Number of protein chains: 2
Amino acid sequence: MHIPAYDEMLEAHERIKPHIRRTPVRESDYINELTGAKLYFKCENFQEPGAFKVRGATNAVFGLDEKRSEKGVATHSSGNHASCLSYAAMKRGIPCHVVMPSTAPQAKKDTVRRYGGIITECEPSTSSREATFKKVQAATGGDFVHPYNDPRVIAGQGTCSRELVEQTDGLDIVVAPIGGGGMVSGTCLTLSTLAPETKVIAAEPEQADDAFRSFKAGRIIADDAPKTIADGLLVPLKELTWHFVSSHVSEIYTASEREIVDAMKLTWKHLRIVMEPSSAVPLAIVLKHPEVFKGKRAGIIITGGNVDLDRLPWLSQA
Amino acid sequence: MHIPAYDEMLEAHERIKPHIRRTPVRESDYINELTGAKLYFKCENFQEPGAFKVRGATNAVFGLDEKRSEKGVATHSSGNHASCLSYAAMKRGIPCHVVMPSTAPQAKKDTVRRYGGIITECEPSTSSREATFKKVQAATGGDFVHPYNDPRVIAGQGTCSRELVEQTDGLDIVVAPIGGGGMVSGTCLTLSTLAPETKVIAAEPEQADDAFRSFKAGRIIADDAPKTIADGLLVPLKELTWHFVSSHVSEIYTASEREIVDAMKLTWKHLRIVMEPSSAVPLAIVLKHPEVFKGKRAGIIITGGNVDLDRLPWLSQA
């Protein structure tokens, strides 16, 4: 297991800068008054493919040497990693093979294809996904880029906090949502060197709280099939992300489905940005634990903005 | 009639800078490919009260001398001007009196009150509004700040294009929505001196096309009660805005309700920003007239982001 180092994050940043956006940081006086904190929202939903995952994906794709790049990259994902890896591969002009469950939403498949990704469908089960992926990789020789358990990916995600630190003037806390732990690990990687006084707090849905329980138990606990509206946060920690989470995260807090939806709507209304439910979990826990955040300067990572505009959760919850 | 000059825009900018946001400019590779143009979206929806109107309102409020400021400001508006003027007055700590129709949405009244605005309700007719406003002004002595037919307001709105020019690298065209013409007039004021080679194009709903017909006829035509989803664009031109529109606007194009809603949804999906229907009219006309914009660098002013998240137009149109 190779643990990525701070220098690898710096190299990643130089590598990906020409291909990604330096996303803006937004503030809302209204939300600051409401929480008693000073919150800085880092808008990764403004990346062209709509998610921070373009950072890690671009680092992996552009880090391949010429020879390895010829066979392209491969992954399994039904979410933002699939479209972001396809996007990065398109930018470099190499093939990207994606294994997706046949049940994935048509819109997600369309996005992957729009970026030139080649989809192989599998059954919606872990065994079918693994078997299908093995076949695809054997046939294509594509370099496997895991959605988060990959040092290149974690180093790439770490570039987000580096920008956030540059764009603000010292932070007490950074809060990021946690699923597999890629963004949280990158945040730990960067801040433990660049701003060791800044705490990293992870935010997780109550209904997919495996990272919270792992953190308390001191070992990885993986759930079978958690269900939450925050569909970017369903996957479990793996050894690499567990390393960062267990060694550098200060606390993990959880939020209910209703709290997530309320925080999502509040952000849309007052920051006027479109973001997905997963990105609302950090604000939900800030609102839930005012004692932790009051008077503090906290960075909030808005991880993505790919949401079905025809099915907004506050409209279907009535 | 005092026509504001370029220097007044410069003074306005210095005056309002501490109180407003220098809003970011967003781009979308997807929308650029779709239109064949290079589009720069100036996000005035990211102003704290959610609309460009905070610029003109702040200029008027902070431009009052001490003595005049004591009695505060007054206006009639049921839209963004009411909340932006209240916001600016709150920042300066002076009273703001607003005459609003009793039928105005509760959310709009709540916003004005949140910013300390004092509401007097009238019947939803022009005669009642004028009579009520006259009474309020006589009783309070507040300085009347018209939503757009006021040189201080136009000079304030002009600061937006100044930032847009600084944030981009030369533009062929700037497109702004047109209602009363405050933003379009400010844009003309600024660009006619700062970037005279840049064309100003106005975008209007077909169902409230009085500016379009005025432009063709060479005189102000005011409609009685136009109806469009772009509810920020219902009001007619007045003499000051007519001056700028008739002398410096290159063209006015119109868009149907369906085209406006489609452009709105496209922007939410690909720029991932929350904006109101009025702000979608410029992109709607870019999509409708590709021959005008193809290969061009065009600034698009996203005028506001105050929208009822429980009633999105693409959901009620089905």
# chains A, B, ... in the order shown; residues from 1 in each chain; ligands from 1
$ residues_around --residues "stretch 23-25 of chain B" --least-positions-apart "5" --cutoff "7 Å" --atoms "only C-alpha atoms" --output "PyMOL selection string"
chain B and resi 40-44+46-47
$ write_last_selection --atoms "all heavy atoms" --output "mmCIF file, in the first residue's frame"
data_model
loop_
_atom_site.group_PDB
_atom_site.id
_atom_site.type_symbol
_atom_site.label_atom_id
_atom_site.label_comp_id
_atom_site.auth_asym_id
_atom_site.auth_seq_id
_atom_site.Cartn_x
_atom_site.Cartn_y
_atom_site.Cartn_z
ATOM 1 N N TYR B 40 -19.638 34.205 -21.360
ATOM 2 C CA TYR B 40 -19.166 34.520 -20.015
ATOM 3 C C TYR B 40 -20.361 34.983 -19.190
ATOM 4 O O TYR B 40 -20.912 36.048 -19.447
ATOM 5 C CB TYR B 40 -18.111 35.622 -20.076
ATOM 6 C CG TYR B 40 -16.900 35.208 -20.872
ATOM 7 C CD1 TYR B 40 -16.835 35.439 -22.240
ATOM 8 C CD2 TYR B 40 -15.837 34.558 -20.256
ATOM 9 C CE1 TYR B 40 -15.725 35.024 -22.981
ATOM 10 C CE2 TYR B 40 -14.720 34.149 -20.981
ATOM 11 C CZ TYR B 40 -14.677 34.384 -22.350
ATOM 12 O OH TYR B 40 -13.589 33.972 -23.071
ATOM 13 N N PHE B 41 -20.733 34.168 -18.212
ATOM 14 C CA PHE B 41 -21.923 34.460 -17.420
ATOM 15 C C PHE B 41 -21.534 35.212 -16.142
ATOM 16 O O PHE B 41 -20.831 34.673 -15.289
ATOM 17 C CB PHE B 41 -22.640 33.155 -17.066
ATOM 18 C CG PHE B 41 -23.194 32.421 -18.250
ATOM 19 C CD1 PHE B 41 -22.405 31.522 -18.970
ATOM 20 C CD2 PHE B 41 -24.500 32.641 -18.668
ATOM 21 C CE1 PHE B 41 -22.915 30.848 -20.070
ATOM 22 C CE2 PHE B 41 -25.016 31.969 -19.770
ATOM 23 C CZ PHE B 41 -24.222 31.062 -20.477
ATOM 24 N N LYS B 42 -21.992 36.433 -16.037
ATOM 25 C CA LYS B 42 -21.694 37.274 -14.866
ATOM 26 C C LYS B 42 -22.783 37.033 -13.819
ATOM 27 O O LYS B 42 -23.950 37.406 -14.018
ATOM 28 C CB LYS B 42 -21.658 38.737 -15.317
ATOM 29 C CG LYS B 42 -21.494 39.759 -14.201
ATOM 30 C CD LYS B 42 -20.083 39.815 -13.657
ATOM 31 C CE LYS B 42 -19.885 41.028 -12.736
ATOM 32 N NZ LYS B 42 -18.752 40.821 -11.807
ATOM 33 N N CYS B 43 -22.381 36.440 -12.682
ATOM 34 C CA CYS B 43 -23.352 35.890 -11.729
ATOM 35 C C CYS B 43 -23.832 36.895 -10.691
ATOM 36 O O CYS B 43 -23.469 36.811 -9.507
ATOM 37 C CB CYS B 43 -22.758 34.666 -11.055
ATOM 38 S SG CYS B 43 -22.532 33.301 -12.197
ATOM 39 N N GLU B 44 -24.689 37.806 -11.097
ATOM 40 C CA GLU B 44 -25.261 38.778 -10.157
ATOM 41 C C GLU B 44 -26.270 38.128 -9.204
ATOM 42 O O GLU B 44 -26.632 38.724 -8.191
ATOM 43 C CB GLU B 44 -25.904 39.936 -10.914
ATOM 44 C CG GLU B 44 -24.883 40.837 -11.586
ATOM 45 C CD GLU B 44 -24.003 41.557 -10.565
ATOM 46 O OE1 GLU B 44 -24.520 42.386 -9.822
ATOM 47 O OE2 GLU B 44 -22.793 41.252 -10.510
ATOM 48 N N PHE B 46 -25.427 35.996 -7.362
ATOM 49 C CA PHE B 46 -24.601 35.735 -6.180
ATOM 50 C C PHE B 46 -24.444 36.957 -5.270
ATOM 51 O O PHE B 46 -23.748 36.897 -4.258
ATOM 52 C CB PHE B 46 -23.209 35.240 -6.585
ATOM 53 C CG PHE B 46 -23.197 33.825 -7.139
ATOM 54 C CD1 PHE B 46 -22.025 33.287 -7.658
ATOM 55 C CD2 PHE B 46 -24.333 33.034 -7.136
ATOM 56 C CE1 PHE B 46 -21.988 31.992 -8.157
ATOM 57 C CE2 PHE B 46 -24.310 31.738 -7.638
ATOM 58 C CZ PHE B 46 -23.141 31.219 -8.141
ATOM 59 N N GLN B 47 -25.037 38.089 -5.616
ATOM 60 C CA GLN B 47 -25.088 39.186 -4.645
ATOM 61 C C GLN B 47 -25.855 38.704 -3.416
ATOM 62 O O GLN B 47 -26.772 37.884 -3.545
ATOM 63 C CB GLN B 47 -25.790 40.418 -5.248
ATOM 64 C CG GLN B 47 -25.057 41.063 -6.419
ATOM 65 C CD GLN B 47 -23.754 41.760 -6.026
ATOM 66 O OE1 GLN B 47 -23.416 41.874 -4.847
ATOM 67 N NE2 GLN B 47 -22.995 42.193 -7.025
#
$ closest_atom_pairs --of "chain B" --to "chain A" --cutoff "7 Å" --atoms "only C-alpha atoms" --output "tab-separated table"
residue	atom	partner	partner_atom	distance
B:Ser28	CA	A:Glu48	CA	6.5
B:Asp29	CA	A:Glu48	CA	6.9
B:Asn45	CA	A:Arg272	CA	6.9
B:Phe46	CA	A:Arg272	CA	6.6
B:Glu48	CA	A:Ser28	CA	6.6
B:Trp268	CA	A:Val274	CA	6.6
B:Leu271	CA	A:Phe46	CA	6.8
B:Arg272	CA	A:Val274	CA	4.6
B:Ile273	CA	A:Ile273	CA	4.3
B:Val274	CA	A:Arg272	CA	4.6
B:Gly305	CA	A:Arg272	CA	6.3
B:Asp310	CA	A:Leu315	CA	6.6
B:Leu315	CA	A:Asp310	CA	6.6
$ atom_distance --atom1 "atom CA of A:Asn149" --atom2 "atom CA of A:Pro4"
11.0 Å
$ residues_around --residues "A:Ala138" --least-positions-apart "5" --cutoff "12 Å" --atoms "only C-alpha atoms" --output "ChimeraX atom specification"
/A:71,74,97,131-133,143-144
$ residues_around --residues "B:Ser86" --least-positions-apart "5" --cutoff "10 Å" --atoms "only C-alpha atoms" --output "list in words"
Pro49, Val54, Ala57, Thr58, Val61, Val73, Ala74, Thr75, Asn80, His81, Lys91, Arg92, Gly93, Ile94, Pro95, Cys96, His97, Val98, Thr111, Val112, Arg113, Arg114, Tyr115, Gly116, Gly117 and Ile118 of chain B
$ residues_around --residues "stretch 253-257 of chain B" --least-positions-apart "3" --cutoff "8 Å" --atoms "only C-alpha atoms" --output "ChimeraX atom specification"
/B:201-207,209,212,228-229,260-261,281,284-285,288
$ write_last_selection --atoms "all heavy atoms" --output "compact mmCIF listing (two decimals), in the first residue's frame"
# COMPACT_ATOMS: atom_id res chain seq x y z
N ILE B 201 -26.80 44.00 -26.65
CA ILE B 201 -28.03 43.40 -27.16
C ILE B 201 -28.96 43.16 -25.97
O ILE B 201 -28.51 42.70 -24.92
CB ILE B 201 -27.73 42.08 -27.92
CG1 ILE B 201 -27.03 42.41 -29.25
CG2 ILE B 201 -29.00 41.27 -28.15
CD1 ILE B 201 -26.65 41.20 -30.09
N ALA B 202 -30.23 43.49 -26.14
CA ALA B 202 -31.19 43.29 -25.06
C ALA B 202 -32.08 42.09 -25.38
O ALA B 202 -32.37 41.82 -26.54
CB ALA B 202 -32.04 44.54 -24.85
N ALA B 203 -32.48 41.37 -24.34
CA ALA B 203 -33.29 40.16 -24.49
C ALA B 203 -34.59 40.32 -23.72
O ALA B 203 -34.58 40.67 -22.54
CB ALA B 203 -32.51 38.96 -23.96
N GLU B 204 -35.70 40.05 -24.39
CA GLU B 204 -37.01 40.35 -23.79
C GLU B 204 -37.98 39.18 -24.01
O GLU B 204 -37.93 38.52 -25.04
CB GLU B 204 -37.57 41.62 -24.46
CG GLU B 204 -38.72 42.23 -23.70
CD GLU B 204 -39.17 43.57 -24.29
OE1 GLU B 204 -39.14 43.71 -25.53
OE2 GLU B 204 -39.59 44.44 -23.51
N PRO B 205 -38.87 38.94 -23.07
CA PRO B 205 -39.89 37.90 -23.30
C PRO B 205 -40.86 38.36 -24.41
O PRO B 205 -41.28 39.52 -24.41
CB PRO B 205 -40.65 37.83 -21.96
CG PRO B 205 -39.80 38.56 -20.97
CD PRO B 205 -38.99 39.55 -21.74
N GLU B 206 -41.20 37.46 -25.30
CA GLU B 206 -42.21 37.75 -26.34
C GLU B 206 -43.49 38.29 -25.73
O GLU B 206 -44.14 39.18 -26.28
CB GLU B 206 -42.59 36.43 -27.03
CG GLU B 206 -42.00 36.22 -28.39
CD GLU B 206 -42.29 34.80 -28.88
OE1 GLU B 206 -43.40 34.28 -28.66
OE2 GLU B 206 -41.35 34.23 -29.47
N GLN B 207 -43.85 37.75 -24.55
CA GLN B 207 -45.13 38.11 -23.94
C GLN B 207 -45.08 39.41 -23.14
O GLN B 207 -46.05 39.77 -22.49
CB GLN B 207 -45.64 36.95 -23.07
CG GLN B 207 -46.00 35.76 -23.92
CD GLN B 207 -46.66 34.62 -23.16
OE1 GLN B 207 -46.74 33.52 -23.68
NE2 GLN B 207 -47.14 34.86 -21.95
N ASP B 209 -43.15 42.30 -24.70
CA ASP B 209 -42.17 42.80 -25.68
C ASP B 209 -42.31 44.29 -25.96
O ASP B 209 -42.04 44.75 -27.07
CB ASP B 209 -42.27 42.00 -26.98
CG ASP B 209 -43.57 42.25 -27.71
OD1 ASP B 209 -44.51 42.78 -27.06
OD2 ASP B 209 -43.65 41.94 -28.91
N PHE B 212 -39.07 45.90 -27.20
CA PHE B 212 -38.84 45.52 -28.60
C PHE B 212 -39.68 46.40 -29.54
O PHE B 212 -39.18 46.97 -30.51
CB PHE B 212 -39.20 44.04 -28.79
CG PHE B 212 -39.21 43.56 -30.21
CD1 PHE B 212 -38.01 43.27 -30.86
CD2 PHE B 212 -40.40 43.40 -30.92
CE1 PHE B 212 -37.99 42.82 -32.17
CE2 PHE B 212 -40.39 42.96 -32.23
CZ PHE B 212 -39.19 42.67 -32.86
N THR B 228 -45.77 37.21 -18.16
CA THR B 228 -44.71 36.29 -18.54
C THR B 228 -44.12 35.68 -17.28
O THR B 228 -44.20 36.27 -16.19
CB THR B 228 -43.58 37.01 -19.33
OG1 THR B 228 -42.43 36.15 -19.37
CG2 THR B 228 -43.18 38.32 -18.68
N ILE B 229 -43.55 34.51 -17.46
CA ILE B 229 -42.88 33.85 -16.34
C ILE B 229 -41.68 34.69 -15.88
O ILE B 229 -41.27 34.59 -14.73
CB ILE B 229 -42.46 32.45 -16.77
CG1 ILE B 229 -41.98 31.67 -15.57
CG2 ILE B 229 -41.38 32.50 -17.83
CD1 ILE B 229 -41.58 30.28 -15.90
N ILE B 260 -37.62 30.37 -22.80
CA ILE B 260 -37.05 30.91 -21.55
C ILE B 260 -36.88 29.79 -20.52
O ILE B 260 -35.82 29.66 -19.89
CB ILE B 260 -37.95 32.03 -20.99
CG1 ILE B 260 -37.96 33.24 -21.94
CG2 ILE B 260 -37.50 32.45 -19.59
CD1 ILE B 260 -39.03 34.29 -21.62
N VAL B 261 -37.91 28.96 -20.37
CA VAL B 261 -37.84 27.87 -19.39
C VAL B 261 -36.76 26.87 -19.78
O VAL B 261 -35.98 26.39 -18.94
CB VAL B 261 -39.21 27.17 -19.25
CG1 VAL B 261 -39.09 25.93 -18.36
CG2 VAL B 261 -40.24 28.14 -18.68
N VAL B 281 -33.53 34.77 -20.20
CA VAL B 281 -33.92 35.29 -21.51
C VAL B 281 -32.69 35.52 -22.42
O VAL B 281 -32.74 35.17 -23.60
CB VAL B 281 -34.80 36.55 -21.36
CG1 VAL B 281 -35.38 36.95 -22.71
CG2 VAL B 281 -35.93 36.31 -20.36
N ALA B 284 -31.67 32.25 -23.89
CA ALA B 284 -32.73 31.82 -24.81
C ALA B 284 -32.54 32.47 -26.19
O ALA B 284 -32.68 31.81 -27.22
CB ALA B 284 -34.10 32.17 -24.23
N ILE B 285 -32.19 33.75 -26.22
CA ILE B 285 -32.04 34.39 -27.54
C ILE B 285 -30.71 33.99 -28.20
O ILE B 285 -30.62 33.95 -29.42
CB ILE B 285 -32.21 35.92 -27.48
CG1 ILE B 285 -31.06 36.59 -26.74
CG2 ILE B 285 -33.57 36.32 -26.89
CD1 ILE B 285 -30.75 37.97 -27.25
N LYS B 288 -31.54 30.90 -29.86
CA LYS B 288 -32.51 31.13 -30.95
C LYS B 288 -31.86 31.78 -32.17
O LYS B 288 -32.35 31.62 -33.29
CB LYS B 288 -33.61 32.04 -30.40
CG LYS B 288 -34.86 32.12 -31.24
CD LYS B 288 -35.92 32.89 -30.48
CE LYS B 288 -37.23 32.95 -31.25
NZ LYS B 288 -38.29 33.57 -30.43
$ closest_residue --among "B:Ser246, B:Ser125, B:Ser278, B:Thr241" --to "B:Glu259" --atoms "only C-alpha atoms"
B:Ser278
$ residues_around --residues "A:Gly295" --least-positions-apart "4" --cutoff "12 Å" --atoms "only C-alpha atoms" --output "list of chain:residue names"
A:Asn32, A:Glu33, A:Leu34, A:Thr35, A:Gly36, A:Ala37, A:Lys38, A:Leu39, A:Leu171, A:Asp172, A:Ile173, A:Val286, A:Pro290, A:Glu291
$ closest_residue --among "A:Ser250, A:Ser69, A:Ser102, A:Asn59" --to "A:Cys84" --atoms "only C-alpha atoms"
A:Asn59
$ select_by_dssp --residues "stretch 51-127 of chain A" --states "strand (DSSP E or B)" --output "PDB file with all heavy atoms, in the first residue's frame"
ATOM      1  N   ALA A  51     -18.121  17.824 -10.522  1.00  0.00           N
ATOM      2  CA  ALA A  51     -17.733  17.193  -9.260  1.00  0.00           C
ATOM      3  C   ALA A  51     -16.225  17.269  -9.047  1.00  0.00           C
ATOM      4  O   ALA A  51     -15.442  17.263 -10.004  1.00  0.00           O
ATOM      5  CB  ALA A  51     -18.185  15.736  -9.221  1.00  0.00           C
ATOM      6  N   VAL A  73      -7.806   3.954 -19.695  1.00  0.00           N
ATOM      7  CA  VAL A  73      -8.109   3.702 -18.289  1.00  0.00           C
ATOM      8  C   VAL A  73      -9.424   2.936 -18.187  1.00  0.00           C
ATOM      9  O   VAL A  73     -10.213   2.891 -19.132  1.00  0.00           O
ATOM     10  CB  VAL A  73      -8.210   5.025 -17.492  1.00  0.00           C
ATOM     11  CG1 VAL A  73      -6.835   5.645 -17.280  1.00  0.00           C
ATOM     12  CG2 VAL A  73      -9.142   6.018 -18.174  1.00  0.00           C
ATOM     13  N   ALA A  74      -9.626   2.342 -17.021  1.00  0.00           N
ATOM     14  CA  ALA A  74     -10.859   1.575 -16.797  1.00  0.00           C
ATOM     15  C   ALA A  74     -11.292   1.738 -15.351  1.00  0.00           C
ATOM     16  O   ALA A  74     -10.458   1.893 -14.452  1.00  0.00           O
ATOM     17  CB  ALA A  74     -10.610   0.096 -17.108  1.00  0.00           C
ATOM     18  N   THR A  75     -12.601   1.703 -15.141  1.00  0.00           N
ATOM     19  CA  THR A  75     -13.108   1.762 -13.770  1.00  0.00           C
ATOM     20  C   THR A  75     -14.504   1.184 -13.688  1.00  0.00           C
ATOM     21  O   THR A  75     -15.135   0.887 -14.718  1.00  0.00           O
ATOM     22  CB  THR A  75     -13.096   3.216 -13.228  1.00  0.00           C
ATOM     23  OG1 THR A  75     -13.181   3.178 -11.802  1.00  0.00           O
ATOM     24  CG2 THR A  75     -14.254   4.037 -13.793  1.00  0.00           C
ATOM     25  N   HIS A  76     -14.979   1.005 -12.462  1.00  0.00           N
ATOM     26  CA  HIS A  76     -16.388   0.674 -12.257  1.00  0.00           C
ATOM     27  C   HIS A  76     -16.977   1.742 -11.351  1.00  0.00           C
ATOM     28  O   HIS A  76     -16.406   2.085 -10.316  1.00  0.00           O
ATOM     29  CB  HIS A  76     -16.567  -0.718 -11.652  1.00  0.00           C
ATOM     30  CG  HIS A  76     -15.686  -0.991 -10.468  1.00  0.00           C
ATOM     31  ND1 HIS A  76     -15.922  -0.463  -9.207  1.00  0.00           N
ATOM     32  CD2 HIS A  76     -14.550  -1.716 -10.368  1.00  0.00           C
ATOM     33  CE1 HIS A  76     -14.977  -0.864  -8.377  1.00  0.00           C
ATOM     34  NE2 HIS A  76     -14.113  -1.619  -9.044  1.00  0.00           N
ATOM     35  N   CYS A  96     -11.539   5.312 -22.343  1.00  0.00           N
ATOM     36  CA  CYS A  96     -11.965   5.096 -20.958  1.00  0.00           C
ATOM     37  C   CYS A  96     -13.084   4.059 -20.943  1.00  0.00           C
ATOM     38  O   CYS A  96     -14.126   4.259 -21.580  1.00  0.00           O
ATOM     39  CB  CYS A  96     -12.461   6.410 -20.355  1.00  0.00           C
ATOM     40  SG  CYS A  96     -13.097   6.223 -18.673  1.00  0.00           S
ATOM     41  N   HIS A  97     -12.838   2.951 -20.257  1.00  0.00           N
ATOM     42  CA  HIS A  97     -13.829   1.881 -20.156  1.00  0.00           C
ATOM     43  C   HIS A  97     -14.490   1.910 -18.790  1.00  0.00           C
ATOM     44  O   HIS A  97     -13.809   1.924 -17.769  1.00  0.00           O
ATOM     45  CB  HIS A  97     -13.161   0.518 -20.386  1.00  0.00           C
ATOM     46  CG  HIS A  97     -12.540   0.416 -21.743  1.00  0.00           C
ATOM     47  ND1 HIS A  97     -13.244   0.013 -22.852  1.00  0.00           N
ATOM     48  CD2 HIS A  97     -11.287   0.713 -22.180  1.00  0.00           C
ATOM     49  CE1 HIS A  97     -12.456   0.043 -23.918  1.00  0.00           C
ATOM     50  NE2 HIS A  97     -11.260   0.469 -23.539  1.00  0.00           N
ATOM     51  N   VAL A  98     -15.806   1.898 -18.789  1.00  0.00           N
ATOM     52  CA  VAL A  98     -16.547   2.012 -17.530  1.00  0.00           C
ATOM     53  C   VAL A  98     -17.536   0.860 -17.394  1.00  0.00           C
ATOM     54  O   VAL A  98     -18.344   0.630 -18.304  1.00  0.00           O
ATOM     55  CB  VAL A  98     -17.331   3.342 -17.474  1.00  0.00           C
ATOM     56  CG1 VAL A  98     -18.084   3.444 -16.156  1.00  0.00           C
ATOM     57  CG2 VAL A  98     -16.403   4.531 -17.651  1.00  0.00           C
ATOM     58  N   VAL A  99     -17.456   0.153 -16.290  1.00  0.00           N
ATOM     59  CA  VAL A  99     -18.461  -0.866 -15.995  1.00  0.00           C
ATOM     60  C   VAL A  99     -19.536  -0.233 -15.106  1.00  0.00           C
ATOM     61  O   VAL A  99     -19.233   0.327 -14.048  1.00  0.00           O
ATOM     62  CB  VAL A  99     -17.823  -2.082 -15.290  1.00  0.00           C
ATOM     63  CG1 VAL A  99     -18.904  -3.049 -14.802  1.00  0.00           C
ATOM     64  CG2 VAL A  99     -16.855  -2.785 -16.242  1.00  0.00           C
ATOM     65  N   MET A 100     -20.769  -0.279 -15.592  1.00  0.00           N
ATOM     66  CA  MET A 100     -21.891   0.338 -14.859  1.00  0.00           C
ATOM     67  C   MET A 100     -23.031  -0.663 -14.747  1.00  0.00           C
ATOM     68  O   MET A 100     -23.279  -1.413 -15.694  1.00  0.00           O
ATOM     69  CB  MET A 100     -22.440   1.533 -15.656  1.00  0.00           C
ATOM     70  CG  MET A 100     -21.620   2.799 -15.572  1.00  0.00           C
ATOM     71  SD  MET A 100     -22.350   4.107 -16.622  1.00  0.00           S
ATOM     72  CE  MET A 100     -23.068   5.154 -15.373  1.00  0.00           C
ATOM     73  N   PRO A 101     -23.746  -0.668 -13.642  1.00  0.00           N
ATOM     74  CA  PRO A 101     -24.920  -1.543 -13.561  1.00  0.00           C
ATOM     75  C   PRO A 101     -25.975  -1.145 -14.587  1.00  0.00           C
ATOM     76  O   PRO A 101     -26.148   0.043 -14.877  1.00  0.00           O
ATOM     77  CB  PRO A 101     -25.436  -1.325 -12.130  1.00  0.00           C
ATOM     78  CG  PRO A 101     -24.793  -0.071 -11.647  1.00  0.00           C
ATOM     79  CD  PRO A 101     -23.530   0.112 -12.421  1.00  0.00           C
ATOM     80  N   ILE A 118     -16.666   4.405 -22.751  1.00  0.00           N
ATOM     81  CA  ILE A 118     -17.227   3.187 -23.350  1.00  0.00           C
ATOM     82  C   ILE A 118     -17.811   2.348 -22.216  1.00  0.00           C
ATOM     83  O   ILE A 118     -17.086   1.883 -21.332  1.00  0.00           O
ATOM     84  CB  ILE A 118     -16.124   2.399 -24.093  1.00  0.00           C
ATOM     85  CG1 ILE A 118     -15.491   3.299 -25.159  1.00  0.00           C
ATOM     86  CG2 ILE A 118     -16.686   1.120 -24.695  1.00  0.00           C
ATOM     87  CD1 ILE A 118     -14.004   3.045 -25.355  1.00  0.00           C
ATOM     88  N   ILE A 119     -19.121   2.167 -22.238  1.00  0.00           N
ATOM     89  CA  ILE A 119     -19.800   1.511 -21.116  1.00  0.00           C
ATOM     90  C   ILE A 119     -19.989   0.024 -21.372  1.00  0.00           C
ATOM     91  O   ILE A 119     -20.419  -0.378 -22.458  1.00  0.00           O
ATOM     92  CB  ILE A 119     -21.184   2.165 -20.875  1.00  0.00           C
ATOM     93  CG1 ILE A 119     -21.015   3.637 -20.471  1.00  0.00           C
ATOM     94  CG2 ILE A 119     -21.969   1.398 -19.805  1.00  0.00           C
ATOM     95  CD1 ILE A 119     -22.324   4.398 -20.354  1.00  0.00           C
ATOM     96  N   THR A 120     -19.649  -0.797 -20.373  1.00  0.00           N
ATOM     97  CA  THR A 120     -20.052  -2.201 -20.384  1.00  0.00           C
ATOM     98  C   THR A 120     -20.996  -2.383 -19.202  1.00  0.00           C
ATOM     99  O   THR A 120     -20.637  -2.052 -18.063  1.00  0.00           O
ATOM    100  CB  THR A 120     -18.837  -3.139 -20.205  1.00  0.00           C
ATOM    101  OG1 THR A 120     -17.867  -2.815 -21.212  1.00  0.00           O
ATOM    102  CG2 THR A 120     -19.255  -4.598 -20.348  1.00  0.00           C
ATOM    103  N   GLU A 121     -22.189  -2.884 -19.481  1.00  0.00           N
ATOM    104  CA  GLU A 121     -23.157  -3.016 -18.404  1.00  0.00           C
ATOM    105  C   GLU A 121     -22.985  -4.332 -17.650  1.00  0.00           C
ATOM    106  O   GLU A 121     -22.571  -5.338 -18.229  1.00  0.00           O
ATOM    107  CB  GLU A 121     -24.582  -2.901 -18.949  1.00  0.00           C
ATOM    108  CG  GLU A 121     -24.855  -1.505 -19.486  1.00  0.00           C
ATOM    109  CD  GLU A 121     -26.333  -1.234 -19.729  1.00  0.00           C
ATOM    110  OE1 GLU A 121     -27.151  -2.154 -19.577  1.00  0.00           O
ATOM    111  OE2 GLU A 121     -26.654  -0.082 -20.075  1.00  0.00           O
ATOM    112  N   CYS A 122     -23.284  -4.296 -16.340  1.00  0.00           N
ATOM    113  CA  CYS A 122     -23.275  -5.519 -15.539  1.00  0.00           C
ATOM    114  C   CYS A 122     -24.593  -5.588 -14.768  1.00  0.00           C
ATOM    115  O   CYS A 122     -25.387  -4.659 -14.806  1.00  0.00           O
ATOM    116  CB  CYS A 122     -22.082  -5.502 -14.573  1.00  0.00           C
ATOM    117  SG  CYS A 122     -22.154  -4.185 -13.339  1.00  0.00           S
TER     118      CYS A 122
END
$ residues_around --residues "A:Ser161" --least-positions-apart "2" --cutoff "10 Å" --atoms "only C-alpha atoms" --output "number ranges by chain"
A: 42, 157-159, 163-167, 174, 183-184, 186-191, 194-195, 299-301
$ atom_distance --atom1 "atom CA of B:Val249" --atom2 "atom CA of B:Gly170"
18.1 Å
$ select_by_dssp --residues "stretch 75-296 of chain A" --states "helix (DSSP H, G or I)" --output "JSON, numbers by chain"
{"A": [80, 81, 82, 83, 84, 85, 86, 87, 88, 89, 90, 91, 92, 106, 107, 108, 109, 110, 111, 112, 113, 114, 126, 127, 128, 129, 130, 131, 132, 133, 134, 135, 136, 137, 138, 139, 140, 151, 152, 153, 154, 155, 156, 157, 158, 159, 160, 161, 162, 163, 164, 165, 166, 167, 182, 183, 184, 185, 186, 187, 188, 189, 190, 191, 192, 193, 194, 206, 207, 208, 210, 211, 212, 213, 214, 215, 216, 217, 239, 240, 241, 242, 243, 244, 245, 246, 247, 248, 257, 258, 259, 260, 261, 262, 263, 264, 265, 266, 267, 268, 269, 270, 277, 278, 279, 280, 281, 282, 283, 284, 285, 286, 287, 288, 290, 291, 292, 293]}
